[in-house]
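Single-structure report; data block below.
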Amino acid sequence: MKLGFIFPGQGAQSVGMGKDLYDEYEEIREIYQKASQISGIDIAKLTFDSPEEELFQTKNTQIAILTMSIAILELLKKHGIQAEYTAGLSLGEYSALYCGDAIDFENVIKIVKKRGEFMQNLVPEGEWAMAAILGLENSVVEKVCEQITEGFVVPANYNCPGQIAISGDKIGVAMAMEKLKEAGAKRCLELKTAGPFHTIKLQKASDELRKELENIEIKVPQIAVVKNMDAKPYTEKDNGKDILANHVIHPVRFSDSIQYMIENGVDTFVEIGPGKVLTGFVKKVNKEVNCMNINDVASFENAIENLKV
């Protein structure tokens with residue numbers, strides 16, 4: 001068995017996520033307490049008791065998902081379960097870098113807090129949207145986006161074969177959705193997001209994030225951490241600070257990242273954090289690999305039982 005850990009990004013959140021894990025395990029509570037001390041946010045209260053509109057603000061969503069993912073990861077480590085490869089979807093890349101010992105706990109909490117704030121507060125004025133496009137080849141989606149002359153829209157997340165998220169302003173995204181339906185898309189679903197993520201429109205957020213990244217140390221990962229930007233592992237030649245700054249304005253190549261891991265022998269994927277979306281993406285890449293997700297006590301106990309050597 002060769003394990004790959006994968007970590008979700010923004011959009012996987014829900015009020016109450018991880019509450020039973022928090023109630024059951026002291027180790028989980030300790031992570032939440034430490035993260036709250038570092039961030040100055042009561043993350044347990046934010047995650048379990050806030051109204052949805054508060055949790056769904058980018059500045060809150062990112063720190064909440066990161067904390068839950070890392071807490072579960074630490075619990076897995078205490079049971080001797082570790083991966084050889086790891087990747088995350090957008091925000092999830094920070095959990096993956098923590099998993100690979102490239103960023104320590106204090107710094108990953110601090111930088112993700114800043115990332116969420118910048119991605120929320122430094123969005124240009126305007127009405128923005130993202131949409132998931134199902135059932136078309138990448139090239140078709142790319143071509144249609146290029147043809148939109150009114151408004152702005154580009155491919156943002158290459159999630160899995162047959163699913164791309166597009167990002168831009170409301171006019172551009174709406175026009176692209178119409179043309180993509182005409183081109184044969186099975187479904188076009190507008191997503192609950194707050195900005196033109198993974199596009200050049202977040203250049204100001206990228207610039208500010210780059211300044212903050214100067215204050216933290218990013219080391220060469222101890223396991224293979226597969227990057228969103230090119231679906232290849234970080235190496236000693238990479239400038240991690242530049243990569244993470246450019247990350248917010250660059251498309252996410254998650255499908256290719258999963259394919260890379262499979263080609264390098266990963267046969268079991270464990271999705272760590274809220275939701276089950278990434279597991280579905282993996283199955284679209286290769287339905288033969290084993291997949292499980294950990295987002296509550298029952299799924300954690302199931303994973304421990306199945307992953308113990």
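Starting from 1 in every chain, residues are counted up; chains themselves are A, B, ... following the order of the structure tokens, and ligands are numbered from 1 as listed.
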
Give one line per residue of segment 248-304 of chain A that approaches segment 88-99 of chain A to at most 10 Å, naming the two atoms of the closest pair and their distance in Å to one decimal, counting only C-alpha atoms; sort by chain then ascending residue number and deliver it as a tab-separated table.
```
residue	atom	partner	partner_atom	distance
A:Val248	CA	A:Ser90	CA	7.9
A:His250	CA	A:Ser90	CA	9.8
A:Pro251	CA	A:Ser90	CA	9.1
A:Val252	CA	A:Ser90	CA	6.5
A:Arg253	CA	A:Leu89	CA	8.6
A:Phe254	CA	A:Leu89	CA	6.3
A:Ser255	CA	A:Leu89	CA	9.7
A:Ser257	CA	A:Gly88	CA	9.1
A:Ile258	CA	A:Gly88	CA	9.8
A:Glu271	CA	A:Gly88	CA	9.2
A:Ile272	CA	A:Ser95	CA	9.3
A:Gly273	CA	A:Gly92	CA	9.2
A:Leu278	CA	A:Leu89	CA	8.2
```

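Taking only C-alpha atoms, the non-local environment of Lys284 of chain A within 9 Å (same-chain residues fewer than 5 positions away omitted) comprises Cys160, Pro161, Gly162, Ser255 and Thr279 of chain A.
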
Per DSSP on the backbone, what are the strand (DSSP E) residues of segment 123-265 of chain A, as a short mmCIF file (atom, residue, chain, number, x, y, z; two decimals) with C-alpha atoms, in the first residue's frame?
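This is the output file part05.cif:
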```
data_model
loop_
_atom_site.label_atom_id
_atom_site.label_comp_id
_atom_site.auth_asym_id
_atom_site.auth_seq_id
_atom_site.Cartn_x
_atom_site.Cartn_y
_atom_site.Cartn_z
CA TRP A 128 -17.55 38.06 -9.35
CA ALA A 129 -18.50 34.43 -9.87
CA MET A 130 -17.19 30.91 -10.34
CA ALA A 131 -18.93 27.94 -11.94
CA ALA A 132 -18.28 24.22 -12.29
CA ILE A 133 -18.52 22.92 -15.85
CA LEU A 134 -19.25 19.20 -16.16
CA VAL A 153 -13.69 34.56 -17.57
CA VAL A 154 -10.89 31.95 -17.51
CA PRO A 155 -10.46 28.31 -16.45
CA ALA A 156 -9.44 28.27 -12.78
CA ASN A 157 -9.57 24.71 -11.39
CA TYR A 158 -8.88 21.58 -13.43
CA ASN A 159 -10.56 19.28 -10.90
CA CYS A 160 -10.86 15.94 -12.71
CA GLN A 163 -14.91 18.92 -14.62
CA ILE A 164 -13.38 22.39 -14.74
CA ALA A 165 -14.23 25.42 -12.62
CA ILE A 166 -14.25 28.74 -14.45
CA SER A 167 -13.73 32.07 -12.71
CA GLY A 168 -14.33 35.72 -13.55
CA ASP A 169 -16.91 38.46 -13.40
CA ARG A 187 -24.19 20.74 -16.21
CA CYS A 188 -23.03 24.27 -15.41
CA LEU A 189 -23.27 25.05 -11.70
CA GLU A 190 -22.51 28.45 -10.18
CA ALA A 224 6.51 14.43 -2.02
CA VAL A 225 4.19 17.45 -1.92
#
```

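Distance annotation: of A:Thr193, A:Ser139, A:Ser69, A:Thr58, the residue with the minimal separation from Pro274 of chain A is A:Ser69; atom set is only C-alpha atoms.
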
Polymer residues at most 10 Å from segment 100-108 of chain A, only C-alpha atoms, same-chain spacing of 2 or more positions, as a PDB file with N, CA and C atoms, in the first residue's frame:
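As a result, result.pdb now contains:
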```
ATOM      1  N   ILE A  31      -5.181  21.000  19.162  1.00  0.00           N
ATOM      2  CA  ILE A  31      -4.834  21.683  17.913  1.00  0.00           C
ATOM      3  C   ILE A  31      -5.698  22.928  17.737  1.00  0.00           C
ATOM      4  N   LYS A  34      -4.460  25.631  20.140  1.00  0.00           N
ATOM      5  CA  LYS A  34      -3.199  26.239  19.701  1.00  0.00           C
ATOM      6  C   LYS A  34      -3.424  27.159  18.505  1.00  0.00           C
ATOM      7  N   ALA A  35      -4.244  26.713  17.561  1.00  0.00           N
ATOM      8  CA  ALA A  35      -4.528  27.518  16.377  1.00  0.00           C
ATOM      9  C   ALA A  35      -5.263  28.804  16.764  1.00  0.00           C
ATOM     10  N   GLN A  37      -5.014  30.384  19.663  1.00  0.00           N
ATOM     11  CA  GLN A  37      -4.050  31.268  20.325  1.00  0.00           C
ATOM     12  C   GLN A  37      -3.199  32.007  19.299  1.00  0.00           C
ATOM     13  N   ILE A  38      -2.752  31.304  18.275  1.00  0.00           N
ATOM     14  CA  ILE A  38      -1.881  31.906  17.261  1.00  0.00           C
ATOM     15  C   ILE A  38      -2.647  32.908  16.399  1.00  0.00           C
ATOM     16  N   SER A  39      -3.859  32.554  16.022  1.00  0.00           N
ATOM     17  CA  SER A  39      -4.633  33.371  15.086  1.00  0.00           C
ATOM     18  C   SER A  39      -5.419  34.489  15.752  1.00  0.00           C
ATOM     19  N   ILE A  63      -9.116  29.449   7.481  1.00  0.00           N
ATOM     20  CA  ILE A  63      -8.493  29.066   8.750  1.00  0.00           C
ATOM     21  C   ILE A  63      -9.246  27.902   9.394  1.00  0.00           C
ATOM     22  N   LEU A  66      -8.343  24.629   7.349  1.00  0.00           N
ATOM     23  CA  LEU A  66      -6.954  24.278   7.652  1.00  0.00           C
ATOM     24  C   LEU A  66      -6.844  23.628   9.034  1.00  0.00           C
ATOM     25  N   THR A  67      -7.472  24.229  10.031  1.00  0.00           N
ATOM     26  CA  THR A  67      -7.365  23.714  11.403  1.00  0.00           C
ATOM     27  C   THR A  67      -7.952  22.313  11.513  1.00  0.00           C
ATOM     28  N   ILE A  70      -5.527  19.793   9.713  1.00  0.00           N
ATOM     29  CA  ILE A  70      -4.293  19.539  10.455  1.00  0.00           C
ATOM     30  C   ILE A  70      -4.574  18.731  11.725  1.00  0.00           C
ATOM     31  N   GLN A  82       1.257   7.596   8.087  1.00  0.00           N
ATOM     32  CA  GLN A  82       1.801   8.729   7.353  1.00  0.00           C
ATOM     33  C   GLN A  82       1.840   8.401   5.872  1.00  0.00           C
ATOM     34  N   ALA A  83       1.794   9.443   5.063  1.00  0.00           N
ATOM     35  CA  ALA A  83       1.743   9.275   3.610  1.00  0.00           C
ATOM     36  C   ALA A  83       3.127   9.424   2.993  1.00  0.00           C
ATOM     37  N   GLU A  84       3.273   8.903   1.774  1.00  0.00           N
ATOM     38  CA  GLU A  84       4.491   9.100   0.990  1.00  0.00           C
ATOM     39  C   GLU A  84       4.319  10.254   0.012  1.00  0.00           C
ATOM     40  N   TYR A  85       3.071  10.532  -0.357  1.00  0.00           N
ATOM     41  CA  TYR A  85       2.748  11.630  -1.268  1.00  0.00           C
ATOM     42  C   TYR A  85       1.582  12.410  -0.677  1.00  0.00           C
ATOM     43  N   THR A  86       1.535  13.712  -1.003  1.00  0.00           N
ATOM     44  CA  THR A  86       0.408  14.516  -0.547  1.00  0.00           C
ATOM     45  C   THR A  86       0.175  15.678  -1.509  1.00  0.00           C
ATOM     46  N   ALA A  87      -1.072  16.120  -1.553  1.00  0.00           N
ATOM     47  CA  ALA A  87      -1.457  17.278  -2.372  1.00  0.00           C
ATOM     48  C   ALA A  87      -2.715  17.872  -1.763  1.00  0.00           C
ATOM     49  N   TYR A  94      -1.631  24.178   1.543  1.00  0.00           N
ATOM     50  CA  TYR A  94      -0.972  24.571   2.799  1.00  0.00           C
ATOM     51  C   TYR A  94      -1.002  23.418   3.802  1.00  0.00           C
ATOM     52  N   SER A  95      -2.111  22.701   3.869  1.00  0.00           N
ATOM     53  CA  SER A  95      -2.165  21.513   4.725  1.00  0.00           C
ATOM     54  C   SER A  95      -1.166  20.475   4.241  1.00  0.00           C
ATOM     55  N   ALA A  96      -1.041  20.336   2.913  1.00  0.00           N
ATOM     56  CA  ALA A  96      -0.094  19.374   2.344  1.00  0.00           C
ATOM     57  C   ALA A  96       1.343  19.758   2.686  1.00  0.00           C
ATOM     58  N   LEU A  97       1.665  21.046   2.620  1.00  0.00           N
ATOM     59  CA  LEU A  97       3.014  21.497   2.970  1.00  0.00           C
ATOM     60  C   LEU A  97       3.305  21.283   4.452  1.00  0.00           C
ATOM     61  N   TYR A  98       2.298  21.490   5.287  1.00  0.00           N
ATOM     62  CA  TYR A  98       2.460  21.179   6.709  1.00  0.00           C
ATOM     63  C   TYR A  98       2.684  19.680   6.886  1.00  0.00           C
ATOM     64  N   LYS A 110      -0.519  31.282  10.711  1.00  0.00           N
ATOM     65  CA  LYS A 110      -0.375  32.720  10.459  1.00  0.00           C
ATOM     66  C   LYS A 110      -0.548  33.063   8.984  1.00  0.00           C
ATOM     67  N   ILE A 111       0.076  32.292   8.101  1.00  0.00           N
ATOM     68  CA  ILE A 111       0.039  32.650   6.688  1.00  0.00           C
ATOM     69  C   ILE A 111      -1.324  32.375   6.073  1.00  0.00           C
ATOM     70  N   VAL A 112      -2.010  31.326   6.523  1.00  0.00           N
ATOM     71  CA  VAL A 112      -3.344  31.064   5.975  1.00  0.00           C
ATOM     72  C   VAL A 112      -4.347  32.103   6.477  1.00  0.00           C
ATOM     73  N   LYS A 113      -4.178  32.564   7.698  1.00  0.00           N
ATOM     74  CA  LYS A 113      -5.039  33.659   8.176  1.00  0.00           C
ATOM     75  C   LYS A 113      -4.877  34.880   7.271  1.00  0.00           C
ATOM     76  N   LYS A 114      -3.625  35.228   6.966  1.00  0.00           N
ATOM     77  CA  LYS A 114      -3.360  36.373   6.086  1.00  0.00           C
ATOM     78  C   LYS A 114      -3.888  36.118   4.678  1.00  0.00           C
ATOM     79  N   LEU A 213       4.860  36.223   3.091  1.00  0.00           N
ATOM     80  CA  LEU A 213       5.625  34.979   2.988  1.00  0.00           C
ATOM     81  C   LEU A 213       7.103  35.187   3.297  1.00  0.00           C
ATOM     82  N   ASN A 215       8.184  36.491   5.800  1.00  0.00           N
ATOM     83  CA  ASN A 215       8.355  36.352   7.255  1.00  0.00           C
ATOM     84  C   ASN A 215       8.347  34.911   7.731  1.00  0.00           C
ATOM     85  N   ILE A 216       8.141  33.956   6.824  1.00  0.00           N
ATOM     86  CA  ILE A 216       8.086  32.565   7.267  1.00  0.00           C
ATOM     87  C   ILE A 216       9.115  31.716   6.522  1.00  0.00           C
ATOM     88  N   GLU A 217       9.472  30.624   7.157  1.00  0.00           N
ATOM     89  CA  GLU A 217      10.428  29.695   6.552  1.00  0.00           C
ATOM     90  C   GLU A 217       9.664  28.578   5.845  1.00  0.00           C
ATOM     91  N   ILE A 218      10.033  28.340   4.598  1.00  0.00           N
ATOM     92  CA  ILE A 218       9.490  27.205   3.847  1.00  0.00           C
ATOM     93  C   ILE A 218      10.657  26.292   3.487  1.00  0.00           C
ATOM     94  N   LYS A 219      10.630  25.097   4.014  1.00  0.00           N
ATOM     95  CA  LYS A 219      11.717  24.147   3.806  1.00  0.00           C
ATOM     96  C   LYS A 219      11.373  23.170   2.685  1.00  0.00           C
ATOM     97  N   VAL A 220      12.362  22.426   2.244  1.00  0.00           N
ATOM     98  CA  VAL A 220      12.113  21.363   1.268  1.00  0.00           C
ATOM     99  C   VAL A 220      11.291  20.283   1.966  1.00  0.00           C
ATOM    100  N   PRO A 221      10.146  19.896   1.413  1.00  0.00           N
ATOM    101  CA  PRO A 221       9.301  18.886   2.071  1.00  0.00           C
ATOM    102  C   PRO A 221      10.023  17.558   2.277  1.00  0.00           C
ATOM    103  N   GLN A 222       9.656  16.872   3.347  1.00  0.00           N
ATOM    104  CA  GLN A 222      10.245  15.579   3.679  1.00  0.00           C
ATOM    105  C   GLN A 222       9.561  14.424   2.951  1.00  0.00           C
ATOM    106  N   ILE A 223       8.386  14.679   2.400  1.00  0.00           N
ATOM    107  CA  ILE A 223       7.720  13.724   1.526  1.00  0.00           C
ATOM    108  C   ILE A 223       7.346  14.483   0.249  1.00  0.00           C
ATOM    109  N   ALA A 224       6.858  13.768  -0.762  1.00  0.00           N
ATOM    110  CA  ALA A 224       6.508  14.428  -2.023  1.00  0.00           C
ATOM    111  C   ALA A 224       5.221  15.237  -1.862  1.00  0.00           C
ATOM    112  N   VAL A 225       5.346  16.560  -1.941  1.00  0.00           N
ATOM    113  CA  VAL A 225       4.192  17.454  -1.919  1.00  0.00           C
ATOM    114  C   VAL A 225       3.981  17.943  -3.354  1.00  0.00           C
ATOM    115  N   TYR A 234       7.401  19.642  -5.022  1.00  0.00           N
ATOM    116  CA  TYR A 234       8.362  20.666  -4.650  1.00  0.00           C
ATOM    117  C   TYR A 234       9.759  20.043  -4.581  1.00  0.00           C
ATOM    118  N   GLY A 240       9.560  28.368  -2.784  1.00  0.00           N
ATOM    119  CA  GLY A 240       8.223  28.121  -2.249  1.00  0.00           C
ATOM    120  C   GLY A 240       7.420  29.390  -2.040  1.00  0.00           C
TER     121      GLY A 240
END
```

If we count only C-alpha atoms and set the cut-off at 7 Å, which residues sit around Gln10 of chain A, ignoring sequence neighbours fewer than 3 positions away in its own chain? Please answer as a PDB file with C-alpha atoms, in the first residue's frame.
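Output saved as around31.pdb:
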```pdb
ATOM      1  CA  GLN A  13     -16.886  23.888   4.656  1.00  0.00           C
ATOM      2  CA  THR A  61     -13.405  29.571   5.863  1.00  0.00           C
ATOM      3  CA  GLN A  62      -9.711  29.102   5.143  1.00  0.00           C
ATOM      4  CA  LEU A  91      -6.030  26.184   0.181  1.00  0.00           C
TER       5      LEU A  91
END
```

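Counting only C-alpha atoms, segment 296-305 of chain A has the following residues at most 9 Å away, ignoring those fewer than 3 positions along the same chain: Met17, Gly18, Lys19, Asp20, Leu21, Glu24, Ile72, Leu76, His79, Ile81, Val270, Gly273, Pro274, Met292, Asn293 and Lys308 of chain A.
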
The selected residues should be written to file as a compact mmCIF listing (two decimals), in the first residue's frame (atoms: N, CA and C atoms).
```
# COMPACT_ATOMS: atom_id res chain seq x y z
N MET A 17 -18.70 21.26 11.10
CA MET A 17 -17.74 20.27 10.58
C MET A 17 -16.69 19.95 11.64
N GLY A 18 -16.47 18.66 11.86
CA GLY A 18 -15.46 18.21 12.81
C GLY A 18 -15.86 18.26 14.27
N LYS A 19 -17.13 18.60 14.57
CA LYS A 19 -17.54 18.78 15.97
C LYS A 19 -17.42 17.48 16.76
N ASP A 20 -17.81 16.34 16.17
CA ASP A 20 -17.73 15.09 16.94
C ASP A 20 -16.29 14.67 17.18
N LEU A 21 -15.40 14.97 16.24
CA LEU A 21 -13.98 14.70 16.45
C LEU A 21 -13.43 15.56 17.60
N GLU A 24 -14.61 14.17 20.85
CA GLU A 24 -14.12 12.82 21.17
C GLU A 24 -12.65 12.78 21.55
N ILE A 72 -6.90 16.47 12.21
CA ILE A 72 -7.08 15.06 11.83
C ILE A 72 -5.73 14.45 11.45
N LEU A 76 -3.84 11.10 13.02
CA LEU A 76 -3.35 9.98 12.20
C LEU A 76 -1.88 9.69 12.53
N HIS A 79 -1.24 7.60 15.44
CA HIS A 79 -1.51 6.18 15.19
C HIS A 79 -0.50 5.58 14.22
N ILE A 81 0.30 6.54 11.17
CA ILE A 81 -0.11 6.51 9.76
C ILE A 81 0.37 7.78 9.07
N VAL A 270 -6.34 9.18 0.88
CA VAL A 270 -7.11 9.52 2.07
C VAL A 270 -7.38 11.02 2.04
N GLY A 273 -10.21 16.11 6.00
CA GLY A 273 -10.87 17.40 6.19
C GLY A 273 -12.33 17.31 5.80
N PRO A 274 -13.01 18.45 5.78
CA PRO A 274 -14.46 18.42 5.53
C PRO A 274 -14.81 17.95 4.12
N MET A 292 -10.62 6.81 0.62
CA MET A 292 -11.42 7.00 1.84
C MET A 292 -11.29 8.44 2.26
N ASN A 293 -12.26 8.91 3.02
CA ASN A 293 -12.20 10.27 3.53
C ASN A 293 -12.34 10.23 5.05
N LYS A 308 -4.01 0.45 9.21
CA LYS A 308 -3.01 -0.15 10.08
C LYS A 308 -2.33 -1.32 9.36
```
